[in-house]
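Inspection log for the structure reproduced underneath, given as structure tokens.
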Amino acid sequence: MAYLFNTSQDIQQMLAAIGVTSIDELFDTIPKELWLARDLAIPAAMSELELTGHMSELASRNKGLERDLCFLGAGAYDHFIPAVVDHLSSRGEFYTSYTPYQPEVSQGNLQVMFEYETLICQLTGMDVSNASLYDGASATLEAVLLAMSSQRGRTKVLVPNSLHPEYRQVLKSYLQWTNFELLEIPCPDGTLDLEAWRMQLDSSVGCVVLSQPNFFGLVDDLSPISALAKQSDCVVIGVVDMISLGVLASPADWNVDIVVGEGQPLGNPLQYGGPYLGILACREQFVRRVPGRIAGQTVDRNGDRCWVLTLQTREQHIRREKATSNICTNQGLFALRAAIYLALQGPDGLRETAEHCTAKVHYVANQLANSERFKVRFQSPFWREVVIQDLADDVAGLLAYARSQGVQAGVPLSNWYDELSDCFMIAVTEKRTRQELERLVKLLTLAPRRSELSHA
Amino acid sequence: MNPETLRYNSSHEWVGIVEENGEQIAIVGITDFALEQLTDLVYMALPQVGTQLSAGDEFGEVESVKAVSPLYCPVDGQVVEVHQELVDNLEQLAQDPFGSGWIIKLRVGGNVSLDNLLDYDAYRKQCAEA
Amino acid sequence: MRNRQATRLIFELAKPGRRANLLPKCDVPATEASEIYGAAARKNRLNLPELAEGDVVRHFTNLSTLNMSVDTHFYPLGSCTMKYNPKRNERLASLPGIVDLHPHLPSDSVQGMLELLWRLQCYLADIAGLPAVSLQPAAGAHGELTALMVARAYFRDLGQMERTQVLVPDSAHGTNPASAAMVGYQTTTIRSCADGSVDLDDLRSKINSRTAVFMITNPSTLGLFEAKIREIAELVHAAGGLIYLDGANMNAILGITRPGDFGADMMHFNPHKTFSGPHGGGGPGAGPICVREFLEPYLPIPRVVKRDGRFDLQFDAPKSIGRVRSFFGNVGVLVRAYCYILANGREGLKAVSQHAVLNANYLLARLQRSLPVVNERRCMHEFVASASKLKKERGITALDIAKRLLDYGFHAPTVYFPLTVPEAIMIEPTETESKETLDAFVEAVEQIIGESAQQLHDSPNSTPISRPDEVTAARKPIMIWKPAS
């Protein structure tokens, strides 16, 4: 038995101390007719050696970053993770501790939470951050609920359809059970149409969700829209990429009230979609309704500075059905990784990382735009990610061909946008070298066209 | 105010009726007993002036580190004054719950009925049994 | 040996001009952000601390030593199942081809991963006795929320939108009523009897045609199996409602009895508890849910399906509630659960529960001599003691005992939960502790109870800090560091 301690002698002594003769007797409060009369349909135990063989076999049928060259993005990104992040975060004292219910023996975790919260506020210009939520999508939902709780009598939530489609799906899944109405505003040019927003913004709108860069990687000056929203007393929620802030304006500069984002790029591995890191930071006015844990500074009985979980009356274990959210377990380990990552990057590291993304994605975009087959789909400036239109209208064939050559060239947009079925999106992080970019460009521009394939 | 002349909710709010500028005004607070039970208060949420309340409505909350207690309005009326300074000075509430620790004032009609509320003796009896 | 210099805040350790992470020289033509992004470009330098790599390593290494953890200490935190986290899981979950998979990789590039997830769906379904699985929810509370939405979608489909009442026992986790409220349900609390079981009369009087779901934790938060669970399920089903099982306490019944067999229609697992995921100072978790066949159409998308020997993600489900988060789910946690299940196997999983229950009953038998326990005859994987007698007689509270245990080198049990037991001390030893450790814990508790009340009020005195001022922290919250002005 893999991880047990009790020897048969221990078992006998323990049973005797309890006053029973068998382990089965301990379960006698379970009515006999409810006992499972067969073995579980699970394989027999595997030793560590066997399990390693089995997992390696499964892994060999996946195309991770070590196998294929990766240009996939659309919400999760292959940024470089310094060794220090893995090394420090895997220390058992961080890894195998839990929510800091006993501050005396959790000062490490509590101080990390406080540092993480401060780092997120420094990045976003907000006043307060929580200690993390599940992911970018659920953080966006929590931000909407937080905003709407401060907006009595208002029912509409405005989002552009350039917000990540999965985030919009998550909003829809939840808001269908509330009295709030989700309105999606089209973005024909990929970015926001001020007039379309002006038409919708009235006193029935509680909040607007803007994203920078948006799902297509496009960067817009969002100040005019947020100013417009403010005129109608709407809460402005900004969905922001933290690394982009190395080159893009702080959300505080464009009047955001609540900043949310996906923290995966901050030192967290891709691991097929999770666990990731939901970031939520906001202006002080919302502090009493913020979802999730918050660490605060105080002093102990000896007057020494220390940290505790604070404002706990917001939370489910105290306020129950009136809590601001049901969240309890969050993403502590990934907030730790993000804190270490940001501490290693510093202001210049983060800026340079963001600059690499700008330069490299533009290099790819320019090269592809020079070819006959491809076009950059949108006019607006972009960061880290670019939407490419395949004038031959064969995105599926093109991407399959690239895969056959060991390159994951991009994410097709047909899954989410019918009108962009001839488009795909290429993400380029600082990890990609010029040589790799040239390989991608060559592969795409020389890929066989559908007509050529059918003639072959 | 003199606790012996006030009326009480079983949920520990007190109310006293006074006349201010020719109007019947109900002053509402919470009792010393409740404050003792709650221990160190850390926060208080209060209603807006103008809010219309019915007896039994929740009008605010007091919080300690690990508990939240709703405040229930003892009478029908419209909020005319809210003791905002209390929020930043919760010690005052504990020091003088029946005086400078008052919480809200309501404008009540001329024939406000306090019959459903506990009198001083009944309230003290309830506390003793708790 | 405490290093007070290195554990100052990173903002205080920082010094302008220090660098840790250095990037390679950009090998494509440089671009100028202000030219490209115009008004949207950054206007001033980022406000982040500047540190050397050595600063960062020493700082966080020293911080880690201020934590108690499962790797270093006995951690009998009731309800949290703080069992040993197998190191092999970490290595296997970090294999290339597992940890480095982009979530948008097409199915043909992740056949191994999809097979793993599909197998895990099968295993969880069998352990639960409920055939349809969604691996998407990100935590136990998130699983509850998802299942409650599934129930609402089901009732909407039946034309029973008026079913908005959720019944929750008074001993339940706070997440239960909080999740119900988020989905627009109204919560009704059901009383517990003195022995911690559901008060059937109270339940009968509160069930009605508006009842949607009864959320039950079984074994309960008092560590007791609800013997009348069948009767409860029949009552709720007869009224047209559904039974939701909070799976927080599955560690007691793996392979012994199954929620689907005792009447549950929906449940969540906490893989980070039951199947040994690292707790990471407060996450990550995962919250896969299992439901009966008639609820399957409403599960979130995507799910893994097997067709003609090939694995795929299924998105096409017209009655689905939709997505509850981005991407597939907390795969990293699920992979560890998969490894744990296989390392134990069918017999080992049952042994996990047997030993968890053995350890808890052994502790119960020994500890009840010093502390009264709610049901002293028997418990499942955990039990709830109470310090209320000690409090009345000697002024010693559950908090005092918890704090003093830290001095003795044990993490404290969960205290003041469940809310139904005054001065509650909730103890869950888990199966991955030795008799010697349990004996040492009992001796510590006995010694502590022999100490004076004052000694206990003054504890802990060997920890990095002692009894922080939480009142000031909540009254005048300081939630971020600011430079001294």
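Scheme for the structure tokens: letters A, B, ... for chains in order shown; per-chain residue numbers from 1; ligand numbers from 1 in order shown.
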
Please build the interface table for stretch 72-184 of chain C against stretch 252-274 of chain A with a cut-off of 10 Å, listing for each qualifying residue the nearest atom pair and the distance in Å to one decimal; count only C-alpha atoms, order rows by chain and increasing number, and write it as a tab-separated table.
```
residue	atom	partner	partner_atom	distance
C:Ala93	CA	A:Gln271	CA	8.7
C:Ser94	CA	A:Gln271	CA	8.7
C:Pro96	CA	A:Gln271	CA	9.8
C:Gly97	CA	A:Gln271	CA	9.0
C:Ile98	CA	A:Gln271	CA	6.4
C:Val99	CA	A:Gln271	CA	4.3
C:Asp100	CA	A:Gln271	CA	5.3
C:Leu101	CA	A:Tyr272	CA	4.8
C:His102	CA	A:Tyr272	CA	5.1
C:Pro103	CA	A:Tyr272	CA	4.2
C:His104	CA	A:Tyr272	CA	7.9
C:Leu105	CA	A:Tyr272	CA	8.3
C:Val110	CA	A:Tyr272	CA	9.1
C:Met113	CA	A:Tyr272	CA	8.5
C:Gln136	CA	A:Gly274	CA	9.7
C:Ala138	CA	A:Gly274	CA	8.4
```

For chain B, which residues have at least one atom within 10 Å of chain C, if we go by only C-alpha atoms? Write them as a list in words, please. Thr39, Asp40, Leu41, Val42, Tyr43, Met44, Glu63, Ser64, Val65, Lys66, Val87, Asp88, Asn89 and Leu90 of chain B

Find the spatial neighbours of B:Pro47, counting only C-alpha atoms, within a cut-off of 10 Å - ignore same-chain residues fewer than 5 positions away - and output them as a VMD selection string. chain B and resid 52 to 53 58 to 61 79 81 to 84 103 to 104

Please, which residues of chain B, numbered as in this document, come out helix (DSSP H, G or I) from DSSP, as JSON, numbers by chain? {"B": [3, 4, 5, 32, 33, 34, 35, 36, 37, 38, 84, 85, 86, 87, 88, 90, 91, 92, 93, 94, 95, 120, 121, 122, 123, 124, 125, 126, 127, 128, 129]}

Within 9 Å of chain B: residues of chain A, using only C-alpha atoms, as a short mmCIF file (atom, residue, chain, number, x, y, z; two decimals) with C-alpha atoms, in the first residue's frame:
```cif
data_model
loop_
_atom_site.label_atom_id
_atom_site.label_comp_id
_atom_site.auth_asym_id
_atom_site.auth_seq_id
_atom_site.Cartn_x
_atom_site.Cartn_y
_atom_site.Cartn_z
CA THR A 310 -8.17 40.14 6.90
CA LEU A 311 -11.69 41.40 6.18
CA GLN A 312 -12.84 37.81 6.51
CA THR A 313 -16.45 38.77 7.14
CA ILE A 318 -18.69 33.62 7.96
CA ARG A 319 -21.33 35.25 5.82
#
```

B:Ile27 environment, 12 Å, only C-alpha atoms, sequence neighbours closer than 5 positions dropped, as a CSV table (one decimal) with N, CA, C and O atoms, in the first residue's frame:
```
chain,number,residue,atom,x,y,z
B,1,MET,N,-29.9,58.5,26.4
B,1,MET,CA,-31.2,58.2,26.8
B,1,MET,C,-31.3,57.2,27.9
B,1,MET,O,-30.3,56.5,28.1
B,6,LEU,N,-36.8,52.9,27.2
B,6,LEU,CA,-36.7,52.6,25.8
B,6,LEU,C,-37.4,51.3,25.5
B,6,LEU,O,-37.8,50.5,26.4
B,7,ARG,N,-37.7,51.0,24.2
B,7,ARG,CA,-38.2,49.7,23.8
B,7,ARG,C,-37.2,48.9,23.0
B,7,ARG,O,-36.3,49.5,22.4
B,8,TYR,N,-37.3,47.6,22.9
B,8,TYR,CA,-36.3,46.7,22.4
B,8,TYR,C,-36.8,45.7,21.4
B,8,TYR,O,-37.9,45.2,21.6
B,13,GLU,N,-31.7,45.6,19.2
B,13,GLU,CA,-31.8,47.1,18.9
B,13,GLU,C,-32.7,47.8,19.9
B,13,GLU,O,-33.7,47.2,20.3
B,14,TRP,N,-32.4,49.0,20.3
B,14,TRP,CA,-33.3,49.8,21.1
B,14,TRP,C,-33.9,50.9,20.3
B,14,TRP,O,-33.3,51.3,19.3
B,15,VAL,N,-35.0,51.4,20.7
B,15,VAL,CA,-35.6,52.6,20.0
B,15,VAL,C,-36.3,53.5,21.1
B,15,VAL,O,-36.8,53.0,22.1
B,16,GLY,N,-36.1,54.8,20.9
B,16,GLY,CA,-36.7,55.8,21.7
B,16,GLY,C,-37.3,56.8,20.9
B,16,GLY,O,-36.8,57.2,19.8
B,17,ILE,N,-38.5,57.3,21.3
B,17,ILE,CA,-39.2,58.3,20.5
B,17,ILE,C,-39.0,59.7,21.1
B,17,ILE,O,-39.2,59.8,22.3
B,18,VAL,N,-38.6,60.6,20.3
B,18,VAL,CA,-38.5,62.0,20.8
B,18,VAL,C,-39.2,63.0,19.8
B,18,VAL,O,-39.5,62.6,18.7
B,19,GLU,N,-39.3,64.2,20.2
B,19,GLU,CA,-39.9,65.1,19.3
B,19,GLU,C,-38.8,66.1,18.9
B,19,GLU,O,-38.1,66.7,19.7
B,20,GLU,N,-38.6,66.2,17.6
B,20,GLU,CA,-37.6,67.2,17.1
B,20,GLU,C,-38.2,68.1,16.1
B,20,GLU,O,-38.8,67.5,15.1
B,73,CYS,N,-34.6,47.0,12.0
B,73,CYS,CA,-35.3,48.2,12.3
B,73,CYS,C,-36.5,47.9,13.2
B,73,CYS,O,-37.2,47.0,12.9
B,74,PRO,N,-36.6,48.5,14.4
B,74,PRO,CA,-37.7,48.2,15.3
B,74,PRO,C,-39.1,48.8,14.9
B,74,PRO,O,-40.1,48.3,15.3
B,75,VAL,N,-39.0,49.9,14.1
B,75,VAL,CA,-40.3,50.6,13.7
B,75,VAL,C,-40.3,51.0,12.3
B,75,VAL,O,-39.3,50.9,11.6
B,76,ASP,N,-41.5,51.3,11.8
B,76,ASP,CA,-41.6,51.8,10.4
B,76,ASP,C,-41.2,53.3,10.4
B,76,ASP,O,-41.5,54.0,11.3
B,77,GLY,N,-40.5,53.7,9.3
B,77,GLY,CA,-40.2,55.1,9.2
B,77,GLY,C,-39.2,55.4,8.1
B,77,GLY,O,-38.7,54.5,7.4
B,78,GLN,N,-38.9,56.7,7.9
B,78,GLN,CA,-37.9,57.1,6.9
B,78,GLN,C,-36.6,57.6,7.6
B,78,GLN,O,-36.7,58.4,8.5
B,79,VAL,N,-35.5,57.1,7.1
B,79,VAL,CA,-34.2,57.5,7.7
B,79,VAL,C,-34.0,59.0,7.4
B,79,VAL,O,-34.0,59.5,6.3
B,80,VAL,N,-33.8,59.8,8.5
B,80,VAL,CA,-33.6,61.2,8.4
B,80,VAL,C,-32.2,61.6,8.8
B,80,VAL,O,-31.7,62.7,8.4
B,81,GLU,N,-31.5,60.7,9.5
B,81,GLU,CA,-30.2,61.1,9.9
B,81,GLU,C,-29.4,59.8,10.2
B,81,GLU,O,-30.0,58.8,10.8
B,82,VAL,N,-28.2,59.7,9.8
B,82,VAL,CA,-27.3,58.6,10.0
B,82,VAL,C,-26.1,59.0,10.8
B,82,VAL,O,-25.4,60.0,10.4
B,83,HIS,N,-25.7,58.3,11.8
B,83,HIS,CA,-24.6,58.7,12.6
B,83,HIS,C,-23.3,58.2,12.0
B,83,HIS,O,-22.6,57.3,12.4
B,97,PRO,N,-23.5,53.3,24.4
B,97,PRO,CA,-24.4,52.7,23.4
B,97,PRO,C,-25.8,53.4,23.4
B,97,PRO,O,-26.5,53.5,22.4
B,98,PHE,N,-26.2,53.9,24.6
B,98,PHE,CA,-27.6,54.5,24.7
B,98,PHE,C,-27.6,56.0,24.5
B,98,PHE,O,-28.6,56.7,24.6
B,99,GLY,N,-26.4,56.6,24.3
B,99,GLY,CA,-26.3,58.0,24.1
B,99,GLY,C,-25.6,58.4,22.8
B,99,GLY,O,-26.2,58.2,21.7
B,100,SER,N,-24.3,58.8,22.9
B,100,SER,CA,-23.6,59.2,21.7
B,100,SER,C,-23.4,58.1,20.7
B,100,SER,O,-22.9,58.3,19.6
B,101,GLY,N,-23.7,56.8,21.1
B,101,GLY,CA,-23.6,55.7,20.2
B,101,GLY,C,-24.9,55.4,19.4
B,101,GLY,O,-25.0,54.3,18.9
B,102,TRP,N,-25.8,56.4,19.4
B,102,TRP,CA,-27.0,56.1,18.6
B,102,TRP,C,-26.6,55.9,17.1
B,102,TRP,O,-25.6,56.3,16.7
B,103,ILE,N,-27.4,55.2,16.4
B,103,ILE,CA,-27.0,54.8,15.0
B,103,ILE,C,-27.8,55.5,13.9
B,103,ILE,O,-27.3,56.1,13.0
B,104,ILE,N,-29.2,55.4,14.0
B,104,ILE,CA,-30.0,56.2,13.0
B,104,ILE,C,-31.1,56.9,13.6
B,104,ILE,O,-31.6,56.5,14.7
B,105,LYS,N,-31.6,57.9,12.9
B,105,LYS,CA,-32.9,58.5,13.3
B,105,LYS,C,-33.9,58.4,12.2
B,105,LYS,O,-33.5,58.5,11.0
B,106,LEU,N,-35.1,58.0,12.6
B,106,LEU,CA,-36.2,57.8,11.6
B,106,LEU,C,-37.3,58.8,11.9
B,106,LEU,O,-37.7,59.1,13.0
B,107,ARG,N,-37.9,59.3,10.8
B,107,ARG,CA,-39.2,60.1,10.9
B,107,ARG,C,-40.3,59.0,11.0
B,107,ARG,O,-40.4,58.2,10.1
B,108,VAL,N,-41.1,59.1,12.1
B,108,VAL,CA,-42.2,58.1,12.2
B,108,VAL,C,-43.5,58.9,12.2
B,108,VAL,O,-43.5,60.0,12.6
```

What is the distance between atom CA of C:Pro288 and atom CA of C:Gly143, in Å to one decimal?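 Atom-to-atom, atom CA of C:Pro288 to atom CA of C:Gly143, that is 6.1 Å.
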
Output as a ChimeraX atom specification all residues of stretch 84-309 of chain C that backbone DSSP marks as strand (DSSP E or B). /C:110,132-134,165-169,186-190,192,198,211-217,242-246,257,266-268,289-291,303-307

Top pick for closest residue to C:Phe294, considering C:Asp55, C:Leu390, C:Val442, C:Met266 and counting only C-alpha atoms: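 Of all the options, C:Met266 lies closest to C:Phe294.
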
Could you tell me how far atom CA of A:Val411 sits from atom CA of A:Phe424, in Å to one decimal place?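 Straight-line distance from atom CA of A:Phe424 to atom CA of A:Val411 works out to 5.4 Å.
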
List as JSON, numbers by chain the protein and nucleic acid residues near A:Leu437, meaning an atom at most 9 Å away when only C-alpha atoms are counted, but skip any in the same chain fewer than 2 places from it. {"A": [360, 361, 363, 364, 428, 432, 433, 434, 435, 439, 440, 441, 442]}

I want to know what sits within 10 Å of stretch 327-333 of chain A, based on only C-alpha atoms, with residues of the same chain fewer than 2 positions away left out; could you give that as a ChimeraX atom specification? /A:89-90,94-99,109,112-113,116,131-135,142,268,275-279,291-293,315-317,323-325,335-339 /C:138-142,145,174-175,178-179,278-286

Between A:Ala295, A:Val205, A:Ala396, A:Val387, smallest distance to chain C by only C-alpha atoms belongs to A:Ala295

Show which residues sit within 9 Å of C:Ile229, as a compact mmCIF listing (two decimals) with N, CA, C and O atoms, in the first residue's frame. Count only C-alpha atoms, and ignore same-chain residues fewer than 5 positions away.
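part_9.txt, freshly written:
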```
# COMPACT_ATOMS: atom_id res chain seq x y z
N VAL C 198 -29.00 14.59 10.43
CA VAL C 198 -30.03 15.52 9.96
C VAL C 198 -31.32 15.28 10.75
O VAL C 198 -31.74 14.13 10.93
N ASN C 218 -21.73 13.94 3.47
CA ASN C 218 -21.81 12.61 4.09
C ASN C 218 -20.56 11.82 3.71
O ASN C 218 -20.35 11.58 2.53
N GLU C 234 -35.00 9.51 -0.19
CA GLU C 234 -36.36 9.20 -0.64
C GLU C 234 -37.30 10.38 -0.42
O GLU C 234 -38.11 10.69 -1.28
N PHE C 262 -26.03 5.47 -2.34
CA PHE C 262 -26.84 5.88 -1.17
C PHE C 262 -27.74 7.07 -1.45
O PHE C 262 -28.30 7.67 -0.55
N GLY C 263 -27.94 7.40 -2.71
CA GLY C 263 -29.01 8.33 -3.05
C GLY C 263 -28.62 9.66 -3.65
O GLY C 263 -29.48 10.44 -4.05
```

Using Å and a single decimal, report how far atom CA of B:Cys127 sits from atom CA of B:Gln92.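 So the two atoms, atom CA of B:Gln92 and atom CA of B:Cys127, lie 22.4 Å apart.
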
Using only C-alpha atoms, find the one residue out of A:Leu398, A:Ala281, A:Ala16, A:Leu248 that sits nearest to chain C.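 Counting only C-alpha atoms, the residue closest to chain C is A:Leu248.
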
With only C-alpha atoms as the basis for distance, which of C:Leu200, C:Met426, C:Ile256, C:Leu235 is at the shortest distance from chain A? C:Ile256
